[in-house]
file start-v4.cif (mmCIF, C-alpha atoms)
data_upload
loop_
_atom_site.label_atom_id
_atom_site.label_comp_id
_atom_site.auth_asym_id
_atom_site.auth_seq_id
_atom_site.Cartn_x
_atom_site.Cartn_y
_atom_site.Cartn_z
CA MET A 134 0.00 0.00 0.00
CA PHE A 135 1.32 3.45 -0.96
CA ARG A 136 1.75 5.87 2.01
CA SER A 137 2.55 9.49 1.43
CA PRO A 138 5.47 10.79 3.46
CA TYR A 139 3.83 14.22 3.36
CA PHE A 140 0.67 12.87 5.00
CA ASP A 141 2.68 11.22 7.78
CA GLY A 142 4.62 14.39 8.39
CA TYR A 143 1.46 16.46 8.69
CA THR A 144 -0.04 13.86 10.97
CA ASP A 145 3.00 13.98 13.27
CA ILE A 146 2.90 17.78 13.40
CA SER A 147 -0.82 17.74 14.16
CA VAL A 148 -0.33 15.25 16.99
CA GLN A 149 2.57 17.24 18.39
CA ASP A 150 0.49 20.42 18.29
CA GLU A 151 -2.35 18.69 20.08
CA HIS A 152 0.00 17.37 22.78
CA GLY A 153 1.44 20.86 23.19
CA LYS A 154 -2.03 22.33 23.60
CA ASN A 155 -2.96 19.70 26.15
CA ARG A 156 0.19 20.35 28.16
CA SER A 157 -0.49 24.10 28.15
CA VAL A 158 -4.10 23.62 29.25
CA VAL A 159 -3.24 21.10 31.97
CA GLY A 160 -0.56 23.41 33.35
CA CYS A 161 -3.05 26.28 33.35
CA LEU A 162 -5.68 24.15 35.09
CA PHE A 163 -3.18 23.08 37.74
CA LEU A 164 -2.44 26.71 38.63
CA ILE A 165 -6.15 27.60 38.57
CA VAL A 166 -6.88 24.71 40.95
CA ILE A 167 -4.26 26.02 43.40
CA GLY A 168 -5.76 29.51 43.30
CA SER A 169 -9.31 28.19 43.66
CA CYS A 170 -8.29 26.08 46.65
CA VAL A 171 -6.90 29.23 48.26
CA LEU A 172 -10.21 31.06 47.75
CA VAL A 173 -12.37 28.20 49.01
CA GLY A 174 -10.06 27.29 51.90
CA TYR A 175 -9.66 30.84 53.16
CA GLY A 176 -13.39 31.44 52.79
CA ILE A 177 -14.32 28.34 54.79
CA TRP A 178 -11.71 29.19 57.44
CA THR A 179 -13.31 32.63 57.71
CA LEU A 180 -16.76 31.12 58.23
CA GLN A 181 -15.44 28.94 61.02
CA ASN A 182 -13.15 31.39 62.80
CA LYS A 183 -13.91 35.00 61.85
CA PHE A 184 -17.57 35.12 60.90
CA PHE A 185 -18.88 35.14 64.46
CA PHE A 186 -19.33 38.93 64.54
CA ALA A 187 -21.00 39.19 61.10
CA PRO A 188 -24.61 39.30 62.43
CA LEU A 189 -23.64 42.29 64.58
CA LEU A 190 -22.41 44.21 61.53
CA ASP A 191 -25.63 43.77 59.55
CA SER A 192 -23.53 44.16 56.39
CA PRO A 193 -25.07 42.47 53.32
CA LEU A 194 -22.03 43.38 51.23
CA TYR A 195 -19.62 41.55 53.55
CA SER A 196 -21.75 38.38 53.52
CA LEU A 197 -22.28 38.68 49.76
CA GLY A 198 -18.59 39.19 49.02
CA LEU A 199 -17.56 36.19 51.12
CA SER A 200 -20.26 33.98 49.58
CA VAL A 201 -19.31 34.97 46.03
CA MET A 202 -15.61 34.36 46.75
CA ILE A 203 -16.31 30.80 47.95
CA ALA A 204 -18.74 30.18 45.08
CA ALA A 205 -16.22 31.43 42.50
CA GLY A 206 -13.47 29.20 43.90
CA GLY A 207 -15.77 26.17 44.07
CA SER A 208 -17.10 26.74 40.55
CA ALA A 209 -13.59 27.06 39.15
CA LEU A 210 -12.59 23.79 40.82
CA ALA A 211 -15.62 22.01 39.35
CA VAL A 212 -14.95 23.38 35.85
CA CYS A 213 -11.27 22.41 36.07
CA MET A 214 -12.11 18.82 37.02
CA LEU A 215 -14.70 18.59 34.25
CA HIS A 216 -12.22 20.06 31.78
CA VAL A 217 -9.60 17.44 32.66
CA CYS A 218 -12.17 14.71 32.01
CA VAL A 219 -13.00 16.27 28.64
CA ILE A 220 -9.31 16.45 27.69
CA CYS A 221 -8.97 12.76 28.49
CA ALA A 222 -12.02 11.89 26.39
CA ARG A 223 -11.81 14.32 23.48
CA SER A 224 -9.71 17.27 22.46
CA GLY A 225 -11.94 19.84 20.77
CA CYS A 226 -13.46 21.75 23.68
CA LYS A 227 -10.57 23.58 25.29
CA LYS A 228 -11.44 27.19 24.55
CA PRO A 229 -15.10 27.10 25.73
CA PHE A 230 -14.03 25.72 29.10
CA LEU A 231 -11.23 28.28 29.40
CA GLY A 232 -13.69 31.02 28.48
CA LEU A 233 -16.01 29.83 31.25
CA LEU A 234 -13.08 29.94 33.68
CA VAL A 235 -12.38 33.53 32.62
CA ALA A 236 -15.97 34.47 33.47
CA ILE A 237 -15.69 32.75 36.87
CA THR A 238 -12.41 34.57 37.50
CA PHE A 239 -14.15 37.89 36.92
CA LEU A 240 -16.70 36.76 39.52
CA GLY A 241 -13.88 36.19 42.02
CA LEU A 242 -12.47 39.61 41.18
CA ALA A 243 -15.88 41.17 41.81
CA SER A 244 -16.03 39.50 45.23
CA GLY A 245 -12.75 41.18 46.20
CA ILE A 246 -14.11 44.58 45.18
CA VAL A 247 -17.34 43.99 47.14
CA LEU A 248 -15.34 43.04 50.24
CA PHE A 249 -13.35 46.28 50.01
CA ILE A 250 -16.58 48.28 49.65
CA SER A 251 -18.15 46.54 52.68
CA LYS A 252 -15.72 48.45 54.91
CA ASN A 253 -17.33 51.72 53.83
CA GLU A 254 -20.78 50.27 54.44
CA VAL A 255 -19.98 49.59 58.10
CA ASP A 256 -17.76 52.59 58.83
CA GLY A 257 -19.60 55.28 60.78
CA THR A 258 -22.65 53.15 61.59
CA LEU A 259 -21.09 50.35 63.63
CA ALA A 260 -21.73 51.88 67.05
CA GLY A 261 -25.41 52.39 66.28
CA ARG A 262 -25.82 48.88 64.93
CA LEU A 263 -24.12 47.30 67.92
CA ARG A 264 -26.17 49.33 70.40
CA MET A 265 -29.47 48.58 68.66
CA SER A 266 -28.83 44.83 68.53
CA LEU A 267 -27.67 44.82 72.15
CA GLU A 268 -30.62 46.82 73.49
CA LEU A 269 -33.44 45.34 71.43
CA GLN A 270 -32.47 41.89 70.16
CA TYR A 271 -30.05 40.15 72.54
CA GLY A 272 -31.66 37.28 74.42
CA GLN A 273 -35.03 37.70 72.74
CA PRO A 274 -37.10 34.86 71.20
CA GLY A 275 -36.13 34.25 67.59
CA GLU A 276 -32.79 36.05 67.99
CA GLU A 277 -30.69 33.04 69.02
CA GLY A 278 -28.20 33.60 66.20
CA LEU A 279 -27.54 37.20 67.15
CA THR A 280 -27.38 36.30 70.85
CA PHE A 281 -24.75 33.66 70.07
CA SER A 282 -22.86 36.20 67.97
CA TRP A 283 -22.77 38.70 70.84
CA ASP A 284 -21.59 36.06 73.33
CA ARG A 285 -18.93 34.74 70.96
CA THR A 286 -17.71 38.25 70.18
CA GLN A 287 -17.39 39.17 73.85
CA GLU A 288 -15.60 35.93 74.63
CA LYS A 289 -13.17 36.09 71.69
CA LEU A 290 -12.38 39.80 71.94
CA GLN A 291 -12.54 39.94 75.77
CA CYS A 292 -14.87 42.91 75.78
CA CYS A 293 -18.33 43.76 77.09
CA GLY A 294 -21.14 45.86 75.63
CA VAL A 295 -20.76 49.07 73.67
CA GLY A 296 -18.96 52.22 74.66
CA ASN A 297 -15.57 53.45 75.74
CA LYS A 298 -12.66 51.39 76.98
CA THR A 299 -13.57 51.48 80.67
CA SER A 300 -17.35 51.32 80.94
CA GLY A 301 -18.71 49.47 77.92
CA TYR A 302 -20.54 47.07 80.23
CA LEU A 303 -22.92 49.87 81.30
CA ALA A 304 -24.67 49.60 77.93
CA TRP A 305 -26.30 46.38 79.11
CA ARG A 306 -28.36 48.28 81.69
CA SER A 307 -30.48 49.80 78.95
CA SER A 308 -31.13 46.49 77.18
CA THR A 309 -34.39 44.55 77.07
CA TRP A 310 -32.46 41.50 78.25
CA TYR A 311 -31.34 43.35 81.41
CA LEU A 312 -34.82 44.69 82.16
CA ASN A 313 -36.18 41.15 81.97
CA GLN A 314 -33.62 40.09 84.57
CA THR A 315 -35.53 42.01 87.27
CA GLN A 316 -37.82 39.01 87.60
CA VAL A 317 -34.88 36.77 88.52
CA ARG A 318 -32.93 36.75 91.79
CA PRO A 319 -30.04 37.17 91.80
CA SER A 320 -30.31 39.14 88.57
CA ALA A 321 -27.47 39.23 86.08
CA GLN A 322 -26.26 42.69 85.15
CA VAL A 323 -24.20 41.51 82.18
CA PRO A 324 -24.04 38.21 80.26
CA GLN A 325 -21.52 35.69 81.51
CA SER A 326 -19.66 36.09 78.21
CA CYS A 327 -18.42 39.41 79.63
CA CYS A 328 -16.42 37.56 82.28
CA THR A 329 -12.79 36.55 82.02
CA VAL A 330 -11.91 32.92 81.43
CA ASP A 331 -10.40 30.72 84.13
CA ASP A 332 -7.09 29.43 82.76
CA ASP A 333 -7.37 26.17 84.69
CA THR A 334 -10.90 25.18 83.65
CA GLY A 335 -11.20 27.10 80.39
CA GLN A 336 -14.64 28.26 81.51
CA ALA A 337 -15.90 31.80 82.00
CA ARG A 338 -15.94 32.93 85.61
CA GLU A 339 -19.13 34.19 87.25
CA CYS A 340 -18.84 37.94 87.33
CA GLN A 341 -22.26 38.91 86.04
CA PHE A 342 -24.09 39.53 89.31
CA ASP A 343 -22.09 42.27 91.01
CA VAL A 344 -20.32 44.54 88.54
CA PRO A 345 -17.78 45.93 88.17
CA ASN A 346 -15.38 43.40 89.65
CA GLN A 347 -11.94 41.97 88.97
CA PHE A 348 -13.25 39.26 86.63
CA LEU A 349 -15.25 41.58 84.37
CA ASN A 350 -14.03 42.70 80.94
CA GLU A 351 -15.02 46.34 81.28
CA LYS A 352 -14.03 47.73 77.89
CA GLY A 353 -16.63 48.08 75.15
CA CYS A 354 -16.53 45.95 71.99
CA GLN A 355 -16.95 48.66 69.38
CA ASP A 356 -13.30 49.48 68.74
CA ASP A 357 -12.18 45.85 68.73
CA VAL A 358 -14.99 44.71 66.42
CA GLN A 359 -14.26 47.54 64.00
CA GLU A 360 -10.53 46.81 63.97
CA VAL A 361 -10.98 43.06 63.50
CA PHE A 362 -13.60 43.55 60.79
CA PHE A 363 -11.62 46.17 58.86
CA ASP A 364 -8.44 44.09 58.98
CA HIS A 365 -10.19 40.91 57.92
CA ALA A 366 -12.28 42.52 55.18
CA ARG A 367 -9.07 44.01 53.78
CA GLU A 368 -7.32 40.63 53.92
CA LEU A 369 -10.23 38.89 52.19
CA GLY A 370 -10.39 41.59 49.55
CA ILE A 371 -6.67 41.37 48.86
CA VAL A 372 -6.71 37.56 48.64
CA ALA A 373 -9.74 37.47 46.33
CA THR A 374 -8.42 40.27 44.09
CA VAL A 375 -4.81 39.08 43.81
CA VAL A 376 -5.70 35.40 43.25
CA SER A 377 -8.36 36.31 40.67
CA LEU A 378 -6.00 38.63 38.78
CA LEU A 379 -3.28 35.96 38.71
CA GLU A 380 -5.78 33.37 37.47
CA LEU A 381 -7.01 35.78 34.81
CA MET A 382 -3.46 36.44 33.58
CA ILE A 383 -2.75 32.69 33.44
CA LEU A 384 -5.93 32.06 31.45
CA LEU A 385 -5.26 34.86 28.98
CA VAL A 386 -1.68 33.66 28.41
CA THR A 387 -2.95 30.10 27.88
CA LEU A 388 -5.61 31.24 25.40
CA SER A 389 -2.99 33.25 23.53
CA THR A 390 -0.68 30.22 23.44
CA LEU A 391 -3.45 28.04 22.04
CA ARG A 392 -4.05 30.51 19.23
CA HIS A 393 -0.40 30.35 18.10
CA LEU A 394 0.05 26.58 18.33
#

call {"tool": "encode", "arguments": {"input": "start-v4.cif", "output": "structure tokens"}}
result
Amino acid sequence: MFRSPYFDGYTDISVQDEHGKNRSVVGCLFLIVIGSCVLVGYGIWTLQNKFFFAPLLDSPLYSLGLSVMIAAGGSALAVCMLHVCVICARSGCKKPFLGLLVAITFLGLASGIVLFISKNEVDGTLAGRLRMSLELQYGQPGEEGLTFSWDRTQEKLQCCGVGNKTSGYLAWRSSTWYLNQTQVRPSAQVPQSCCTVDDDTGQARECQFDVPNQFLNEKGCQDDVQEVFFDHARELGIVATVVSLLELMILLVTLSTLRHL
């Protein structure tokens, strides 16, 4: 049987080009997976360790930005895994998948911008929001989530109530929760989460009945909550923005490489 040497040569070049494209795409996907894992991992870590004060902020932008960041990272991971399966099965669908990843990367970039903006949403209104939730919602039926958030915030930040650094605990005396304590004897003047923790037992001491005392965290929570939130929102915004920009650059370089192969 006659076989054209020209046909074989073209076939070899075509196969080599296809292998080169696959290597470029797989390398791109590997880097995208790393970036997506950073977004998802840092987002989940935030939910477990830093999200406890979020209900006190009443900031839809902060919650939205964090949710979009995790969703963008998770979507990118799913698309990358699906793309690898497609590469193993067939080799004609690289650019559509990469285009989808570009769109998801823009979503991650948007989450970083939203997280930066959330700082402005909270700035200047934090004291009012904290005081309103403390006075009207803490300890009330249907407000278990916010009550937990207040207790966790006071425990983690070693603070109490809203106000200046020496008498934040006084804010509790104008709360609905405190007024309801008049029916109980002895009545608590502050929640037990305002008390310092015993190093031996790891449990909060009982300081809530006769305040102030040596076991009470007297400083208000406003300054600490604002500092922690601002720092963490900035960190989240930087991570989401930088990772998304790097992923976008990698994708654009890969698409450009595919065009020239």

call {"tool": "axis_aligned_box", "arguments": {"input": "start-v4.cif", "around": "region 349-364 of chain A", "padding_each_side": "6 Å", "output": "JSON"}}
result
{"center_x": -12.7, "center_y": 45.5, "center_z": 71.6, "size_x": 20.5, "size_y": 19.9, "size_z": 37.5}

call {"tool": "resolve_selection", "arguments": {"input": "start-v4.cif", "expression": "the PyMOL selection byres ((chain A and resi 188) around 9)", "output": "list in words"}}
result
Phe184, Phe185, Phe186, Ala187, Leu189, Leu190, Asp191, Ser192, Gly278, Leu279, Ser282 and Trp283 of chain A

call {"tool": "residues_near_point", "arguments": {"input": "start-v4.cif", "point": "(-12.6, 51.6, 75.1)", "cutoff": "8 Å", "atoms": "all atoms listed in the file", "output": "count of residues only"}}
result
11

call {"tool": "residues_around", "arguments": {"input": "start-v4.cif", "residues": "Cys292 (chain A)", "least_positions_apart": "2", "cutoff": "9 Å", "atoms": "all atoms listed in the file", "output": "PyMOL selection string"}}
result
chain A and resi 286-290+294-295+298+301-302+326-328+349-355+357

call {"tool": "resolve_selection", "arguments": {"input": "start-v4.cif", "expression": "the PyMOL selection byres ((chain A and resi 380) around 10)", "output": "list in words"}}
result
Cys161, Leu162, Leu164, Ile165, Val166, Ile167, Gly168, Ser169, Leu234, Val235, Ile237, Thr238, Phe239, Gly241, Leu242, Thr374, Val375, Val376, Ser377, Leu378, Leu379, Leu381, Met382, Ile383, Leu384, Leu385 and Val386 of chain A

call {"tool": "resolve_selection", "arguments": {"input": "start-v4.cif", "expression": "the PyMOL selection byres ((chain A and resi 305-314) around 12)", "output": "ChimeraX atom specification"}}
result
/A:263-274,276,280,283,293-296,300-304,315-325,327,341-342,344,351,353

call {"tool": "atom_distance", "arguments": {"input": "start-v4.cif", "atom1": "CA of Leu388 (chain A)", "atom2": "CA of Leu172 (chain A)"}}
result
22.8 Å

call {"tool": "atom_distance", "arguments": {"input": "start-v4.cif", "atom1": "CA of Asn182 (chain A)", "atom2": "CA of Phe362 (chain A)"}}
result
12.3 Å

call {"tool": "residues_around", "arguments": {"input": "start-v4.cif", "residues": "Thr179 (chain A)", "least_positions_apart": "3", "cutoff": "9 Å", "atoms": "all atoms listed in the file", "output": "PyMOL selection string"}}
result
chain A and resi 174-176+182-184+199+365+369

call {"tool": "closest_atom_pairs", "arguments": {"input": "start-v4.cif", "of": "region 317-388 of chain A", "to": "region 250-258 of chain A", "cutoff": "9 Å", "atoms": "all atoms listed in the file", "output": "Markdown table"}}
result
| residue | atom | partner | partner_atom | distance |
| --- | --- | --- | --- | --- |
| A:Gln359 | CA | A:Asp256 | CA | 8.0 |
| A:Phe362 | CA | A:Lys252 | CA | 7.9 |
| A:Phe363 | CA | A:Lys252 | CA | 6.1 |
| A:Ala366 | CA | A:Lys252 | CA | 6.9 |
| A:Arg367 | CA | A:Lys252 | CA | 8.1 |

call {"tool": "residues_around", "arguments": {"input": "start-v4.cif", "residues": "Val247 (chain A)", "least_positions_apart": "3", "cutoff": "8 Å", "atoms": "only C-alpha atoms", "output": "PyMOL selection string"}}
result
chain A and resi 194-195+197-198+243-244+250-251+370

call {"tool": "atom_distance", "arguments": {"input": "start-v4.cif", "atom1": "CA of Glu277 (chain A)", "atom2": "CA of Ala337 (chain A)"}}
result
19.7 Å
